[in-house]
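To start, the structure itself, in C-alpha cells.
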Amino acid sequence: MDKPKDKQVINVMTSSDEKLMPFIMTQIMSIVDNLPNDVTINYFLLYDTKENRDEKLKNIEILHKFSRNFSNVRFSDIDVGDTEIFRYIADCGGPWPATAYYSVFAHRFLPETIDRVLYLDAGDVCVIGDLRDYYFADISGDFILITPGRYKVVNEELMLYDRNDLYDPSLCDGITRGLFNSGSYVINLDQIRRSGLSEEYCVKLSDELKRLKNNITVKIHDHVYFGDQGFLSALFLGGIKYFGYPHIQNVFFMPFNFCMWYFDCIETQPWYTPLIIHFADAFKPWKIKYRCNIYLQSLTESKQVSDLKLGKREYYYAWHEYAIKSEIICRTNGILT
C-alpha cells in the first residue's frame, strides 16, 4: 500500500474522557469547515465506560446529534472495553491517563476496511486549513507519519533513528521523551495489522524500557517514557515516517501539528502556513476569557487573550470562532438547552 484506497474519504480518530468530550464539537466543526463537502469524514471517538459512564454516554449522544448536521460526517463511538493493558502502559508514562494510549491498538478497534487514520488530540487540536497533503502522504512500509521533534545527529547531519538506538544510553532517553509531539499523527493501520502487534509485546516493551531507563545516568526526563508520544516513539522506532524529511530538516517545521510553544522559542511568524493547530500550551483555548461567552468556555477563565504572546492570539481566536459556530448549530437545533 502506498496510497489510501479512496481519496474522497478521510478517517479521523481521537480518544477522550468525559471532561474533554464537549470540546470535540469544536474540532469536528474545524475539520468540516476546511474540507470540501464531497469529502466524507469518518470520525471515531474511542472511550471507556469504566468510570462516569452516564456522563460519557450523555456527551456522546450530543456529539451524534451535532454530527448529523453535516451531510459528509459519519460519527462513531467505540467503547474499548477492558482498559487493563492501557493502564499498565500508562503507569510508567507520567501524569497522562490510560485514555492517551488507546491509539496503540487503533487497528483493533477501527473497521478492518480502514487502511489509515489521522489521530488528533481531543479538545486542544483545531484544524484551520486543508489537511489532505498530510493525511494522504505516502507512508508505505512505515507504521506512523509524524511531525518530527527530534533527530539523531551524526557527523553534523540530522538523521533518523533506527531500532538499535533504543539500546544506546546516550540516545534512549531522547527517544522515550518523544521523537514527535502526539497532538497529530497518521497511523498506518494496514502496516500495524501485518506486524501482528499484540498486548504481550507492549507489556514486554514497557518492562524493557524500565530496565533501559535504570541504566541511564544523565536523564532529560523523569519518566520511563514521556506519555503516549514517548511510548509510541519506542514502539514504532525504525518505522516512523518524518513528514517533509529529508527535504526539510527543522523541528520548527510543523504545518500539520503546529504547537503553540513555537512562539516561546521564535518571535516571528513561521515561514509556512500552519494548518493543524495544537494548543500545547499552559493555557488551553477553553480556559481563555474571550469577548463573548460560549457554552464551551470554562467558568474559571484564567487568562485574557491580550495576555497571550502576540503570535499566539490569532490561533486562539480561530478556535473561538469554531466554538461559536458549533454553539450556534447546537442552539438552533435544540441539541443544548
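If you're wondering about the labels, chains in the C-alpha cells are A, B, ... by order shown, residues count from 1 in each chain, ligands from 1 in order shown.
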Listing only residues of stretch 231-292 of chain A within 7 Å of stretch 112-136 of chain A, what is the closest atom pair and its distance in Å (to one decimal) for each, using only C-alpha atoms, sorted by chain and residue number ascending, as a Markdown table?
| residue | atom | partner | partner_atom | distance |
| --- | --- | --- | --- | --- |
| A:Phe256 | CA | A:Tyr134 | CA | 6.9 |
| A:Leu275 | CA | A:Gly129 | CA | 4.4 |
| A:Ile276 | CA | A:Val127 | CA | 4.4 |
| A:Ile277 | CA | A:Cys126 | CA | 5.1 |
| A:His278 | CA | A:Val125 | CA | 4.5 |
| A:Phe279 | CA | A:Asp124 | CA | 5.2 |
| A:Lys284 | CA | A:Asp124 | CA | 6.5 |
File of the preceding selection, N, CA, C and O atoms, as a JSON list (two decimals), in the first residue's frame:
[["chain", "number", "residue", "atom", "x", "y", "z"],
["A", 256, "PHE", "N", 1.30, 20.67, 10.13],
["A", 256, "PHE", "CA", 0.15, 19.83, 10.47],
["A", 256, "PHE", "C", 0.14, 19.40, 11.93],
["A", 256, "PHE", "O", -0.60, 18.51, 12.31],
["A", 275, "LEU", "N", -1.65, 24.55, 9.47],
["A", 275, "LEU", "CA", -2.94, 24.04, 9.03],
["A", 275, "LEU", "C", -3.66, 23.23, 10.12],
["A", 275, "LEU", "O", -4.89, 23.16, 10.12],
["A", 276, "ILE", "N", -2.90, 22.60, 11.00],
["A", 276, "ILE", "CA", -3.47, 21.94, 12.17],
["A", 276, "ILE", "C", -2.77, 22.53, 13.39],
["A", 276, "ILE", "O", -1.55, 22.51, 13.48],
["A", 277, "ILE", "N", -3.57, 23.06, 14.32],
["A", 277, "ILE", "CA", -3.02, 23.75, 15.48],
["A", 277, "ILE", "C", -3.16, 22.88, 16.72],
["A", 277, "ILE", "O", -4.23, 22.34, 16.99],
["A", 278, "HIS", "N", -2.06, 22.77, 17.46],
["A", 278, "HIS", "CA", -2.09, 22.05, 18.74],
["A", 278, "HIS", "C", -1.81, 23.05, 19.85],
["A", 278, "HIS", "O", -0.73, 23.64, 19.89],
["A", 279, "PHE", "N", -2.77, 23.24, 20.72],
["A", 279, "PHE", "CA", -2.61, 24.18, 21.82],
["A", 279, "PHE", "C", -1.84, 23.52, 22.96],
["A", 279, "PHE", "O", -2.32, 23.39, 24.09],
["A", 284, "LYS", "N", -5.15, 26.22, 27.85],
["A", 284, "LYS", "CA", -5.96, 25.63, 26.80],
["A", 284, "LYS", "C", -6.95, 26.67, 26.29],
["A", 284, "LYS", "O", -7.33, 27.59, 27.01]]
* strand (DSSP E) call set, DSSP backbone run, stretch 52-139 of chain A, as a VMD selection string -> chain A and resid 73 to 79 116 to 120 125 to 127
* **Between atom CA of A:Tyr316 and atom CA of A:Pro285, distance in Å (one decimal)** =>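 Here the two named atoms are 5.9 Å from each other.
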Test item: residues at most 12 Å from A:Gln229, only C-alpha atoms, excluding those fewer than 4 positions along its chain, as an mmCIF file with all heavy atoms, in the first residue's frame:
data_model
loop_
_atom_site.group_PDB
_atom_site.id
_atom_site.type_symbol
_atom_site.label_atom_id
_atom_site.label_comp_id
_atom_site.auth_asym_id
_atom_site.auth_seq_id
_atom_site.Cartn_x
_atom_site.Cartn_y
_atom_site.Cartn_z
ATOM 1 N N ALA A 90 0.286 3.049 30.822
ATOM 2 C CA ALA A 90 0.249 4.428 31.327
ATOM 3 C C ALA A 90 0.966 4.575 32.656
ATOM 4 O O ALA A 90 1.437 5.671 32.998
ATOM 5 C CB ALA A 90 -1.197 4.890 31.462
ATOM 6 N N GLY A 93 4.262 6.143 32.269
ATOM 7 C CA GLY A 93 4.329 7.241 31.310
ATOM 8 C C GLY A 93 4.098 8.618 31.869
ATOM 9 O O GLY A 93 3.885 9.569 31.112
ATOM 10 N N GLY A 94 4.120 8.763 33.189
ATOM 11 C CA GLY A 94 3.918 10.093 33.753
ATOM 12 C C GLY A 94 2.455 10.368 34.034
ATOM 13 O O GLY A 94 1.655 9.444 34.219
ATOM 14 N N TRP A 96 -0.094 11.356 32.295
ATOM 15 C CA TRP A 96 -1.134 11.213 31.271
ATOM 16 C C TRP A 96 -1.960 9.955 31.516
ATOM 17 O O TRP A 96 -1.439 8.906 31.889
ATOM 18 C CB TRP A 96 -0.506 11.191 29.890
ATOM 19 C CG TRP A 96 0.126 12.503 29.569
ATOM 20 C CD1 TRP A 96 -0.471 13.610 29.044
ATOM 21 C CD2 TRP A 96 1.499 12.866 29.814
ATOM 22 N NE1 TRP A 96 0.428 14.636 28.936
ATOM 23 C CE2 TRP A 96 1.658 14.212 29.400
ATOM 24 C CE3 TRP A 96 2.608 12.195 30.330
ATOM 25 C CZ2 TRP A 96 2.862 14.891 29.490
ATOM 26 C CZ3 TRP A 96 3.816 12.868 30.423
ATOM 27 C CH2 TRP A 96 3.932 14.200 29.999
ATOM 28 N N ALA A 100 -4.951 8.166 26.786
ATOM 29 C CA ALA A 100 -3.999 8.665 25.790
ATOM 30 C C ALA A 100 -3.376 7.548 24.974
ATOM 31 O O ALA A 100 -2.825 7.809 23.893
ATOM 32 C CB ALA A 100 -2.905 9.475 26.484
ATOM 33 N N TYR A 101 -3.469 6.307 25.470
ATOM 34 C CA TYR A 101 -2.795 5.190 24.816
ATOM 35 C C TYR A 101 -3.742 4.332 23.973
ATOM 36 O O TYR A 101 -3.307 3.326 23.395
ATOM 37 C CB TYR A 101 -2.107 4.307 25.860
ATOM 38 C CG TYR A 101 -1.018 5.027 26.629
ATOM 39 C CD1 TYR A 101 -1.321 5.798 27.742
ATOM 40 C CD2 TYR A 101 0.313 4.947 26.227
ATOM 41 C CE1 TYR A 101 -0.331 6.471 28.454
ATOM 42 C CE2 TYR A 101 1.320 5.614 26.927
ATOM 43 C CZ TYR A 101 0.986 6.371 28.038
ATOM 44 O OH TYR A 101 1.966 7.049 28.730
ATOM 45 N N SER A 103 -4.816 4.759 21.130
ATOM 46 C CA SER A 103 -4.414 4.733 19.720
ATOM 47 C C SER A 103 -3.424 3.609 19.417
ATOM 48 O O SER A 103 -3.263 3.226 18.260
ATOM 49 C CB SER A 103 -3.787 6.071 19.325
ATOM 50 O OG SER A 103 -2.612 6.318 20.081
ATOM 51 N N VAL A 104 -2.757 3.077 20.444
ATOM 52 C CA VAL A 104 -1.801 1.981 20.229
ATOM 53 C C VAL A 104 -2.483 0.813 19.524
ATOM 54 O O VAL A 104 -1.900 0.150 18.666
ATOM 55 C CB VAL A 104 -1.198 1.520 21.574
ATOM 56 C CG1 VAL A 104 -0.356 0.263 21.377
ATOM 57 C CG2 VAL A 104 -0.352 2.632 22.184
ATOM 58 N N ASP A 121 -5.494 14.896 19.033
ATOM 59 C CA ASP A 121 -5.818 15.023 20.451
ATOM 60 C C ASP A 121 -7.195 15.659 20.610
ATOM 61 O O ASP A 121 -7.524 16.633 19.917
ATOM 62 C CB ASP A 121 -4.783 15.905 21.162
ATOM 63 C CG ASP A 121 -3.664 15.094 21.785
ATOM 64 O OD1 ASP A 121 -3.739 13.851 21.776
ATOM 65 O OD2 ASP A 121 -2.707 15.709 22.284
ATOM 66 N N ILE A 144 3.731 4.870 11.318
ATOM 67 C CA ILE A 144 3.073 6.156 11.564
ATOM 68 C C ILE A 144 3.802 7.273 10.815
ATOM 69 O O ILE A 144 5.000 7.171 10.525
ATOM 70 C CB ILE A 144 2.999 6.507 13.071
ATOM 71 C CG1 ILE A 144 4.384 6.491 13.718
ATOM 72 C CG2 ILE A 144 2.038 5.590 13.791
ATOM 73 C CD1 ILE A 144 4.371 6.945 15.171
ATOM 74 N N ILE A 146 4.630 11.308 11.212
ATOM 75 C CA ILE A 146 4.683 12.265 12.318
ATOM 76 C C ILE A 146 5.214 13.618 11.870
ATOM 77 O O ILE A 146 5.800 13.762 10.802
ATOM 78 C CB ILE A 146 5.582 11.734 13.454
ATOM 79 C CG1 ILE A 146 7.039 11.653 12.962
ATOM 80 C CG2 ILE A 146 5.101 10.393 13.963
ATOM 81 C CD1 ILE A 146 8.071 11.517 14.054
ATOM 82 N N THR A 147 5.005 14.594 12.727
ATOM 83 C CA THR A 147 5.717 15.870 12.643
ATOM 84 C C THR A 147 6.928 15.746 13.555
ATOM 85 O O THR A 147 6.778 15.650 14.771
ATOM 86 C CB THR A 147 4.820 17.020 13.124
ATOM 87 O OG1 THR A 147 3.716 17.158 12.231
ATOM 88 C CG2 THR A 147 5.601 18.333 13.157
ATOM 89 N N PRO A 148 8.150 15.698 13.007
ATOM 90 C CA PRO A 148 9.331 15.394 13.830
ATOM 91 C C PRO A 148 9.651 16.471 14.855
ATOM 92 O O PRO A 148 9.538 17.666 14.587
ATOM 93 C CB PRO A 148 10.462 15.257 12.805
ATOM 94 C CG PRO A 148 10.001 16.041 11.617
ATOM 95 C CD PRO A 148 8.506 15.887 11.591
ATOM 96 N N GLY A 149 10.066 16.005 16.015
ATOM 97 C CA GLY A 149 10.503 16.913 17.074
ATOM 98 C C GLY A 149 11.908 16.616 17.548
ATOM 99 O O GLY A 149 12.441 17.317 18.406
ATOM 100 N N ARG A 150 12.515 15.565 16.968
ATOM 101 C CA ARG A 150 13.858 15.174 17.395
ATOM 102 C C ARG A 150 14.539 14.384 16.275
ATOM 103 O O ARG A 150 13.923 13.515 15.652
ATOM 104 C CB ARG A 150 13.783 14.325 18.665
ATOM 105 C CG ARG A 150 15.132 14.016 19.298
ATOM 106 C CD ARG A 150 14.939 13.191 20.574
ATOM 107 N NE ARG A 150 14.099 13.881 21.536
ATOM 108 C CZ ARG A 150 14.551 14.770 22.421
ATOM 109 N NH1 ARG A 150 15.834 15.055 22.471
ATOM 110 N NH2 ARG A 150 13.715 15.359 23.253
ATOM 111 N N GLY A 174 16.279 10.350 24.906
ATOM 112 C CA GLY A 174 15.684 11.266 23.939
ATOM 113 C C GLY A 174 14.558 10.620 23.161
ATOM 114 O O GLY A 174 13.514 11.241 22.902
ATOM 115 N N ILE A 175 14.752 9.352 22.804
ATOM 116 C CA ILE A 175 13.704 8.625 22.083
ATOM 117 C C ILE A 175 12.450 8.510 22.933
ATOM 118 O O ILE A 175 11.337 8.776 22.472
ATOM 119 C CB ILE A 175 14.207 7.223 21.687
ATOM 120 C CG1 ILE A 175 15.337 7.339 20.658
ATOM 121 C CG2 ILE A 175 13.064 6.380 21.123
ATOM 122 C CD1 ILE A 175 16.078 6.039 20.401
ATOM 123 N N THR A 176 12.628 8.144 24.198
ATOM 124 C CA THR A 176 11.464 7.962 25.073
ATOM 125 C C THR A 176 10.880 9.286 25.557
ATOM 126 O O THR A 176 9.792 9.299 26.140
ATOM 127 C CB THR A 176 11.817 7.062 26.271
ATOM 128 O OG1 THR A 176 12.922 7.635 26.986
ATOM 129 C CG2 THR A 176 12.181 5.666 25.802
ATOM 130 N N ARG A 177 11.582 10.382 25.344
ATOM 131 C CA ARG A 177 10.983 11.704 25.552
ATOM 132 C C ARG A 177 9.987 11.986 24.446
ATOM 133 O O ARG A 177 9.014 12.713 24.623
ATOM 134 C CB ARG A 177 12.072 12.775 25.590
ATOM 135 C CG ARG A 177 11.584 14.236 25.634
ATOM 136 C CD ARG A 177 10.745 14.504 26.875
ATOM 137 N NE ARG A 177 10.381 15.897 26.986
ATOM 138 C CZ ARG A 177 9.381 16.483 26.328
ATOM 139 N NH1 ARG A 177 8.645 15.782 25.473
ATOM 140 N NH2 ARG A 177 9.105 17.760 26.511
ATOM 141 N N GLY A 178 10.247 11.359 23.302
ATOM 142 C CA GLY A 178 9.343 11.500 22.165
ATOM 143 C C GLY A 178 10.067 12.028 20.946
ATOM 144 O O GLY A 178 10.701 13.084 21.007
ATOM 145 N N LEU A 179 9.980 11.306 19.835
ATOM 146 C CA LEU A 179 10.524 11.791 18.574
ATOM 147 C C LEU A 179 9.566 12.764 17.915
ATOM 148 O O LEU A 179 9.906 13.395 16.924
ATOM 149 C CB LEU A 179 10.800 10.609 17.632
ATOM 150 C CG LEU A 179 11.744 9.532 18.165
ATOM 151 C CD1 LEU A 179 11.953 8.443 17.117
ATOM 152 C CD2 LEU A 179 13.078 10.142 18.580
ATOM 153 N N PHE A 180 8.369 12.890 18.484
ATOM 154 C CA PHE A 180 7.346 13.765 17.923
ATOM 155 C C PHE A 180 6.389 14.180 19.024
ATOM 156 O O PHE A 180 6.375 13.590 20.115
ATOM 157 C CB PHE A 180 6.581 13.046 16.802
ATOM 158 C CG PHE A 180 5.762 11.867 17.265
ATOM 159 C CD1 PHE A 180 4.381 11.939 17.315
ATOM 160 C CD2 PHE A 180 6.366 10.672 17.620
ATOM 161 C CE1 PHE A 180 3.619 10.856 17.729
ATOM 162 C CE2 PHE A 180 5.608 9.575 18.026
ATOM 163 C CZ PHE A 180 4.239 9.671 18.084
ATOM 164 N N ASN A 181 5.615 15.182 18.735
ATOM 165 C CA ASN A 181 4.525 15.585 19.611
ATOM 166 C C ASN A 181 3.271 14.861 19.148
ATOM 167 O O ASN A 181 2.957 14.855 17.956
ATOM 168 C CB ASN A 181 4.334 17.097 19.560
ATOM 169 C CG ASN A 181 3.137 17.546 20.366
ATOM 170 O OD1 ASN A 181 2.010 17.417 19.911
ATOM 171 N ND2 ASN A 181 3.381 18.072 21.557
ATOM 172 N N SER A 182 2.546 14.253 20.073
ATOM 173 C CA SER A 182 1.456 13.362 19.691
ATOM 174 C C SER A 182 0.109 14.050 19.504
ATOM 175 O O SER A 182 -0.927 13.389 19.511
ATOM 176 C CB SER A 182 1.315 12.248 20.740
ATOM 177 O OG SER A 182 1.084 12.790 22.034
ATOM 178 N N GLY A 183 0.111 15.346 19.298
ATOM 179 C CA GLY A 183 -1.151 16.038 19.049
ATOM 180 C C GLY A 183 -1.792 15.648 17.748
ATOM 181 O O GLY A 183 -3.022 15.656 17.611
ATOM 182 N N SER A 184 -0.969 15.286 16.747
ATOM 183 C CA SER A 184 -1.472 14.949 15.422
ATOM 184 C C SER A 184 -0.483 14.009 14.735
ATOM 185 O O SER A 184 0.694 14.334 14.615
ATOM 186 C CB SER A 184 -1.644 16.237 14.590
ATOM 187 O OG SER A 184 -1.866 15.946 13.230
ATOM 188 N N TYR A 185 -0.982 12.869 14.296
ATOM 189 C CA TYR A 185 -0.146 11.944 13.514
ATOM 190 C C TYR A 185 -1.057 10.993 12.756
ATOM 191 O O TYR A 185 -2.239 10.822 13.092
ATOM 192 C CB TYR A 185 0.834 11.173 14.403
ATOM 193 C CG TYR A 185 0.221 10.421 15.561
ATOM 194 C CD1 TYR A 185 -0.136 9.088 15.464
ATOM 195 C CD2 TYR A 185 -0.008 11.058 16.784
ATOM 196 C CE1 TYR A 185 -0.693 8.400 16.535
ATOM 197 C CE2 TYR A 185 -0.566 10.373 17.869
ATOM 198 C CZ TYR A 185 -0.907 9.049 17.729
ATOM 199 O OH TYR A 185 -1.462 8.381 18.790
ATOM 200 N N VAL A 224 9.703 6.836 32.736
ATOM 201 C CA VAL A 224 10.234 5.766 31.882
ATOM 202 C C VAL A 224 10.063 6.163 30.424
ATOM 203 O O VAL A 224 10.966 6.015 29.608
ATOM 204 C CB VAL A 224 9.520 4.430 32.180
ATOM 205 C CG1 VAL A 224 9.954 3.356 31.181
ATOM 206 C CG2 VAL A 224 9.820 3.970 33.608
ATOM 207 N N TYR A 225 8.902 6.692 30.087
ATOM 208 C CA TYR A 225 8.666 7.307 28.780
ATOM 209 C C TYR A 225 7.695 8.454 28.994
ATOM 210 O O TYR A 225 6.893 8.461 29.926
ATOM 211 C CB TYR A 225 8.130 6.323 27.741
ATOM 212 C CG TYR A 225 7.204 5.259 28.263
ATOM 213 C CD1 TYR A 225 5.836 5.491 28.422
ATOM 214 C CD2 TYR A 225 7.694 4.007 28.613
ATOM 215 C CE1 TYR A 225 4.992 4.514 28.910
ATOM 216 C CE2 TYR A 225 6.854 3.016 29.098
ATOM 217 C CZ TYR A 225 5.502 3.273 29.243
ATOM 218 O OH TYR A 225 4.665 2.300 29.734
ATOM 219 N N SER A 233 6.991 6.347 20.231
ATOM 220 C CA SER A 233 8.296 6.531 19.593
ATOM 221 C C SER A 233 9.148 5.274 19.735
ATOM 222 O O SER A 233 9.824 4.856 18.790
ATOM 223 C CB SER A 233 9.027 7.730 20.201
ATOM 224 O OG SER A 233 8.345 8.934 19.922
ATOM 225 N N ALA A 234 9.120 4.678 20.925
ATOM 226 C CA ALA A 234 9.868 3.435 21.154
ATOM 227 C C ALA A 234 9.203 2.254 20.448
ATOM 228 O O ALA A 234 9.884 1.397 19.875
ATOM 229 C CB ALA A 234 9.979 3.167 22.650
ATOM 230 N N LEU A 235 7.892 2.213 20.473
ATOM 231 C CA LEU A 235 7.142 1.089 19.895
ATOM 232 C C LEU A 235 7.375 0.968 18.395
ATOM 233 O O LEU A 235 7.590 -0.135 17.874
ATOM 234 C CB LEU A 235 5.650 1.273 20.183
ATOM 235 C CG LEU A 235 4.697 0.214 19.633
ATOM 236 C CD1 LEU A 235 4.975 -1.137 20.273
ATOM 237 C CD2 LEU A 235 3.242 0.630 19.877
ATOM 238 N N PHE A 236 7.338 2.092 17.691
ATOM 239 C CA PHE A 236 7.419 2.060 16.237
ATOM 240 C C PHE A 236 8.784 2.505 15.699
ATOM 241 O O PHE A 236 8.930 2.760 14.503
ATOM 242 C CB PHE A 236 6.316 2.930 15.635
ATOM 243 C CG PHE A 236 4.934 2.413 15.919
ATOM 244 C CD1 PHE A 236 3.966 3.249 16.468
ATOM 245 C CD2 PHE A 236 4.596 1.096 15.671
ATOM 246 C CE1 PHE A 236 2.692 2.772 16.738
ATOM 247 C CE2 PHE A 236 3.326 0.614 15.939
ATOM 248 C CZ PHE A 236 2.369 1.450 16.467
ATOM 249 N N LEU A 237 9.767 2.584 16.560
ATOM 250 C CA LEU A 237 11.107 3.024 16.169
ATOM 251 C C LEU A 237 11.624 2.208 14.983
ATOM 252 O O LEU A 237 11.552 0.984 14.979
ATOM 253 C CB LEU A 237 12.059 2.880 17.351
ATOM 254 C CG LEU A 237 13.440 3.520 17.201
ATOM 255 C CD1 LEU A 237 13.326 5.020 16.998
ATOM 256 C CD2 LEU A 237 14.288 3.212 18.428
#
* **Polymer residues at most 12 Å from A:Lys204, only C-alpha atoms, same-chain spacing of 5 or more positions, as a PyMOL selection string** => chain A and resi 85+88-89+197-199+209-211+235
* To do: Rounded to one decimal place, report the atom CA of A:Tyr167-atom CA of A:Asn250 distance in Å.
  =>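 Taking atom CA of A:Tyr167 as the start and atom CA of A:Asn250 as the end point, the length is 25.2 Å.
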* Using DSSP on the backbone coordinates, identify the residues of stretch 214-263 of chain A assigned to helix (DSSP H, G or I); present them as a ChimeraX atom specification. => /A:214,227-235,262-263
* Asked: Distance atom CA of A:Arg194-atom CA of A:Thr14, one decimal place?
  ->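 A separation of 22.5 Å between them.
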* **Residue nearest A:Gly227 among A:Thr332, A:Gln304, A:Asn164, A:Thr99 (counting only C-alpha atoms)** =>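 Of A:Thr332, A:Gln304, A:Asn164, A:Thr99, the one nearest A:Gly227, counting only C-alpha atoms, is A:Thr99.
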* Selection near A:Asn52, 12 Å with only C-alpha atoms, sequence-local residues under 6 positions removed, as an MDAnalysis selection string -> chainID A and resid 17:19 58:59
* Which polymer residues have any atom within 8 Å of an atom of A:Cys172, counting only C-alpha atoms, with same-chain residues fewer than 6 positions away left out, as a PyMOL selection string? -> chain A and resi 165-166+212-213
File of the preceding selection, N, CA and C atoms, as a JSON list (two decimals), in the first residue's frame:
[["chain", "number", "residue", "atom", "x", "y", "z"],
["A", 165, "ASP", "N", 19.09, 2.08, 18.26],
["A", 165, "ASP", "CA", 19.38, 3.28, 19.05],
["A", 165, "ASP", "C", 18.69, 3.25, 20.40],
["A", 166, "LEU", "N", 17.65, 2.44, 20.52],
["A", 166, "LEU", "CA", 16.95, 2.34, 21.79],
["A", 166, "LEU", "C", 17.86, 1.78, 22.88],
["A", 212, "LEU", "N", 15.93, -0.28, 30.68],
["A", 212, "LEU", "CA", 16.83, 0.61, 29.96],
["A", 212, "LEU", "C", 16.96, 1.95, 30.67],
["A", 213, "LYS", "N", 15.86, 2.44, 31.21],
["A", 213, "LYS", "CA", 15.87, 3.73, 31.91],
["A", 213, "LYS", "C", 16.78, 3.68, 33.13]]
* Check the smallest atom-to-atom distance from each of A:Asn155, A:Gly196, A:Leu145, A:Ile329 to A:Lys241 using only C-alpha atoms, then report the winner. =>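 Once distances to A:Lys241 are computed over only C-alpha atoms, the minimum belongs to A:Leu145.
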* **From A:Met29, A:Cys265, A:Val73, A:Ile24, residue lying nearest A:Phe252 [only C-alpha atoms]** =>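 Of A:Met29, A:Cys265, A:Val73, A:Ile24, the one nearest A:Phe252, counting only C-alpha atoms, is A:Cys265.
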